[in-house]
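**Q** Mind looking over this structure? Questions follow.
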Amino acid sequence: MSEIEIVSGYDAILALEPVWHDVGMRVGGAGAFEQFDLVRQAAKAITREGGEPLVASIRRDGLTMTLLPLRRERIIGTRAAVPLVYPLAQYTNTVGWAISPDDMPSLCNALSKVGLDILLLRKVREDSGLYDALGVHGQSQNARETALYIDLNAYKTFAAYDASFSSPTRRNRRQRRQKLEAAHGPLSFDVLFGTEATDAFDTAVAWKREWLQARGISSPVFDAGTWQKMLRSAVASGTAVVTSLRAGDKHTAIEVGFCERDTYVSYLGAYDPNLSAFSPGQEQMLRTIAWAFDQGFSRYDLLAPSDGYKRQWARSETGVAIDDYAVALTHVGRGVAELRRHVRPLARDFYLRLSPEVRVAGGRYGRPAAAAMAAMCAGAVLAAIE
């Protein structure tokens with residue numbers, strides 16, 4: 001029989017550090033977004049803001065086998081447990097062994113005893129330690145996407161991967177690269193650490209925010225708030241990797257990524273908008289892929305959604321399905337799971353169908369027109385059911 005314990009509070013979670021590393025090492029290390037450095041920072045930030053971080057611990061025969069970091073939140077007035085590191089985390093997973101379908105009822109019972117109505121887990125991969133249990137006990141929230149990846153093992157070398165692109169594509173890249181060098185100086189590629197890494201991160205975030213604002217899109221990670229600060233701390237500590245393409249002494253494109261066992265996770269890519277005609281982001285990404293080959297990674301994870309440009313990089317339909325899942329712990333939680341399952345996809349689809357101009361207008365002026373009001377209403381519905 002498994003024993004379930006719900007650990008609560010920053011100090012209690014901090015005390016789990018040796019257990020965290022021990023459990024993770026049994027399966028080859030924690031995932032990119034379950035690393036203890038991120039969990040510790042998230043628990044501290046949530047506590048500072050008056051929230052409650054949680055960790056569900058599953059033990060068998062006196063040995064901790066599985067850890068699941070969570071936090072308590074209010075969703076439409078309902079008491080919910082959600083992933084601790086979300087929205088910074090782009091996947092939700094366990095640390096250690098998978099949660100079995102047989103263990104899920106006991107976990108739900110333990111969560112309900114600490115006053116929760118619903119367990120809401122976002123971006124669960126079909127190859128994660130949660131998938132089997134949620135397939136039996138969870139309810140899909142109709143947020144299914146595909147996280148594409150480049151299968152580096154299929155090519156063995158970067159030269160073979162590069163050769164998989166057509167001759168015109170490679171020629172166009174070479175011509176843009178030559179034009180960029182002629183205009184701004186010789187190109188160099190660097191993997192950055194310390195102050196250089198944080199300076200590059202700040203530059204990348206400024207570019208990313210400019211790109212988002214031009215399209216009327218908001219991001220809870222790149223809003224100068226808690227999650228952006230945490231991502232910056234991950235860069236400063238070396239938990240995250242920063243790579244940069246320079247022309248002369250100037251950054252032209254920057255990427256932030258995470259290492260997860262044999263996988264490199266491409267988290268944030270941004271480029272100088274003033275150099276868009278040279279496509280520096282493509283050159284930077286190509287060089288990062290070459291670096292990933294050199295480091296011995298087997299996958300280059302492009303994350304969801306499966307946009308067209310990512311399909312070009314993946315070269316094939318290599319990807320992993322992800323979805324959001326809810327597990328109702330009470331009757332109230334069941335109602336929220338049903339509401340979110342039906343309403344959120346509609347609201348999201350409606351919001352994304354609005355033109356960038358309408359979304360920007362809704363964000364800037366609040367009530368200048370009916371269309372802008374519609375954008376705000378859609379955003380409000382999304383926020384309410386998050």
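To be explicit about the labels: the chains of the structure tokens are called A, B, and onward in the order shown, and within each one the residues are counted from 1, while ligands get numbers from 1 in the order they are shown.
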Could you pull out the residues in stretch 99-220 of chain A that DSSP calls alpha helix (DSSP H) from the backbone, as a PyMOL selection string?

**A** chain A and resi 104-113+131-137+158-163+167-184+194-214

**Q** So that I can check the surroundings of A:Tyr91, please list as a list of chain:residue names every protein, DNA and RNA residue that reaches within 6 Å of it, counting only C-alpha atoms and ignoring chain neighbours fewer than 2 positions away.

**A**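 Residues meeting the cut-off are A:Ala89, A:Lys123, A:Val124.
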
**Q** Put those residues in a file: C-alpha atoms, as a tab-separated table (two decimals), in the first residue's frame.

**A**
chain	number	residue	atom	x	y	z
A	89	ALA	CA	6.52	25.53	-16.61
A	123	LYS	CA	0.14	20.61	-20.16
A	124	VAL	CA	0.45	16.95	-19.24

**Q** I'd like the contact shell of A:Ala204 - 10 Å cut-off, only C-alpha atoms, skipping same-chain residues fewer than 6 positions apart - returned as a VMD selection string.

**A** chain A and resid 198 210 242 244 251 to 256 268 to 272

**Q** One number please: atom CA of A:Thr92 to atom CA of A:Val332, in Å, one decimal.

**A**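 Distance reported for this atom pair: 23.7 Å.
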
**Q** Would you return as a ChimeraX atom specification the members of stretch 165-251 of chain A that DSSP assigns to strand (DSSP E or B) on this structure's backbone?

**A** /A:187-192,240-247,250-251

**Q** Write out, as a tab-separated table, each residue of stretch 57-164 of chain A that has an atom at most 12 Å from stretch 225-230 of chain A, together with the closest pair of atoms and their distance in Å to one decimal, counting only C-alpha atoms, rows going by chain and rising number.

**A**
residue	atom	partner	partner_atom	distance
A:Leu84	CA	A:Trp227	CA	11.3
A:Val85	CA	A:Trp227	CA	8.6
A:Tyr86	CA	A:Trp227	CA	8.7
A:Pro87	CA	A:Trp227	CA	7.5
A:Leu88	CA	A:Trp227	CA	6.0
A:Ala89	CA	A:Trp227	CA	9.6

**Q** Next, write the just-selected residues to a file, as a PDB file, in the first residue's frame, keeping all heavy atoms as the atom set.

**A**
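Full text of again-v3.pdb as output:
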ATOM      1  N   LEU A  84       2.709  23.893  -9.276  1.00  0.00           N
ATOM      2  CA  LEU A  84       3.403  24.944  -8.538  1.00  0.00           C
ATOM      3  C   LEU A  84       4.137  25.909  -9.450  1.00  0.00           C
ATOM      4  O   LEU A  84       4.114  27.120  -9.236  1.00  0.00           O
ATOM      5  CB  LEU A  84       4.395  24.305  -7.551  1.00  0.00           C
ATOM      6  CG  LEU A  84       5.271  25.257  -6.745  1.00  0.00           C
ATOM      7  CD1 LEU A  84       4.424  26.210  -5.903  1.00  0.00           C
ATOM      8  CD2 LEU A  84       6.222  24.481  -5.848  1.00  0.00           C
ATOM      9  N   VAL A  85       4.796  25.422 -10.486  1.00  0.00           N
ATOM     10  CA  VAL A  85       5.661  26.267 -11.313  1.00  0.00           C
ATOM     11  C   VAL A  85       4.942  26.795 -12.557  1.00  0.00           C
ATOM     12  O   VAL A  85       5.515  27.525 -13.352  1.00  0.00           O
ATOM     13  CB  VAL A  85       6.959  25.517 -11.680  1.00  0.00           C
ATOM     14  CG1 VAL A  85       7.976  26.414 -12.373  1.00  0.00           C
ATOM     15  CG2 VAL A  85       7.611  24.932 -10.427  1.00  0.00           C
ATOM     16  N   TYR A  86       3.681  26.448 -12.758  1.00  0.00           N
ATOM     17  CA  TYR A  86       2.918  26.996 -13.886  1.00  0.00           C
ATOM     18  C   TYR A  86       2.566  28.447 -13.560  1.00  0.00           C
ATOM     19  O   TYR A  86       2.230  28.752 -12.414  1.00  0.00           O
ATOM     20  CB  TYR A  86       1.634  26.179 -14.101  1.00  0.00           C
ATOM     21  CG  TYR A  86       0.821  26.641 -15.281  1.00  0.00           C
ATOM     22  CD1 TYR A  86       1.091  26.161 -16.564  1.00  0.00           C
ATOM     23  CD2 TYR A  86      -0.200  27.573 -15.131  1.00  0.00           C
ATOM     24  CE1 TYR A  86       0.349  26.593 -17.651  1.00  0.00           C
ATOM     25  CE2 TYR A  86      -0.934  28.006 -16.212  1.00  0.00           C
ATOM     26  CZ  TYR A  86      -0.657  27.515 -17.463  1.00  0.00           C
ATOM     27  OH  TYR A  86      -1.383  27.951 -18.546  1.00  0.00           O
ATOM     28  N   PRO A  87       2.650  29.394 -14.525  1.00  0.00           N
ATOM     29  CA  PRO A  87       2.761  29.227 -15.970  1.00  0.00           C
ATOM     30  C   PRO A  87       4.185  29.218 -16.525  1.00  0.00           C
ATOM     31  O   PRO A  87       4.350  29.065 -17.733  1.00  0.00           O
ATOM     32  CB  PRO A  87       2.005  30.436 -16.504  1.00  0.00           C
ATOM     33  CG  PRO A  87       2.282  31.505 -15.494  1.00  0.00           C
ATOM     34  CD  PRO A  87       2.301  30.799 -14.165  1.00  0.00           C
ATOM     35  N   LEU A  88       5.201  29.403 -15.684  1.00  0.00           N
ATOM     36  CA  LEU A  88       6.550  29.321 -16.223  1.00  0.00           C
ATOM     37  C   LEU A  88       6.787  27.938 -16.824  1.00  0.00           C
ATOM     38  O   LEU A  88       7.344  27.808 -17.908  1.00  0.00           O
ATOM     39  CB  LEU A  88       7.578  29.619 -15.129  1.00  0.00           C
ATOM     40  CG  LEU A  88       9.038  29.738 -15.560  1.00  0.00           C
ATOM     41  CD1 LEU A  88       9.795  30.668 -14.610  1.00  0.00           C
ATOM     42  CD2 LEU A  88       9.745  28.387 -15.596  1.00  0.00           C
ATOM     43  N   ALA A  89       6.349  26.904 -16.126  1.00  0.00           N
ATOM     44  CA  ALA A  89       6.523  25.532 -16.605  1.00  0.00           C
ATOM     45  C   ALA A  89       5.632  25.270 -17.809  1.00  0.00           C
ATOM     46  O   ALA A  89       4.438  25.579 -17.785  1.00  0.00           O
ATOM     47  CB  ALA A  89       6.195  24.542 -15.493  1.00  0.00           C
TER      48      ALA A  89
END

**Q** Which neighbours of stretch 277-284 of chain A fall inside 12 Å, counting only C-alpha atoms, when residues of the same chain fewer than 4 positions from it are skipped, and could you give them as a PyMOL selection string?

**A** chain A and resi 162+169-170+172-184+187-191+204+207+242-247+250-256+266+268-273+288-291+309-310+312-313

**Q** Which residue, A:Glu52, A:Val95, A:Pro18, A:Arg311, has the smallest gap to A:Val82 when you use only C-alpha atoms?

**A**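 Among the listed residues, A:Glu52 lies closest to A:Val82.
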
**Q** Extract, using only C-alpha atoms, all DNA, RNA and protein residues at most 12 Å from stretch 139-141 of chain A, discarding same-chain residues fewer than 5 positions from it, and format them as a VMD selection string.

**A** chain A and resid 118 to 124 131 133 to 134 322 to 329 333 to 346 385 to 386

**Q** Tell me, as a list in words, which residues lie within 8 Å of A:Asp132, counting only C-alpha atoms; anything in the same chain fewer than 5 positions away does not count.

**A**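 My reading of the contact set: Ile99, Ser100 and Pro101 of chain A.
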
**Q** Do you have the atom CA of A:Leu70-atom CA of A:Thr330 distance handy?

**A**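 Computing the Euclidean distance for atom CA of A:Leu70 and atom CA of A:Thr330 yields 18.0 Å.
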
**Q** Taking 5 positions as the minimum chain separation for residues in the same chain, which residues sit within 9 Å of A:Asp61 when counting only C-alpha atoms? Answer as a ChimeraX atom specification.

**A** /A:1-3

**Q** Please dump the current selection as a PDB file, in the first residue's frame; keep N, CA and C atoms.

**A**
ATOM      1  N   MET A   1       0.832  -1.195   0.000  1.00  0.00           N
ATOM      2  CA  MET A   1       0.000   0.000   0.000  1.00  0.00           C
ATOM      3  C   MET A   1       0.875   1.257   0.000  1.00  0.00           C
ATOM      4  N   SER A   2       0.459   2.260  -0.744  1.00  0.00           N
ATOM      5  CA  SER A   2       1.186   3.524  -0.790  1.00  0.00           C
ATOM      6  C   SER A   2       0.694   4.446   0.314  1.00  0.00           C
ATOM      7  N   GLU A   3       1.623   5.243   0.846  1.00  0.00           N
ATOM      8  CA  GLU A   3       1.282   6.261   1.827  1.00  0.00           C
ATOM      9  C   GLU A   3       1.358   7.621   1.142  1.00  0.00           C
TER      10      GLU A   3
END

**Q** From the set A:Thr66, A:Asn274, A:Gln35, A:Thr263, which residue has the shortest atom-to-atom contact distance to A:Ile150, counting only C-alpha atoms?

**A**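 Closest candidate: A:Thr263.
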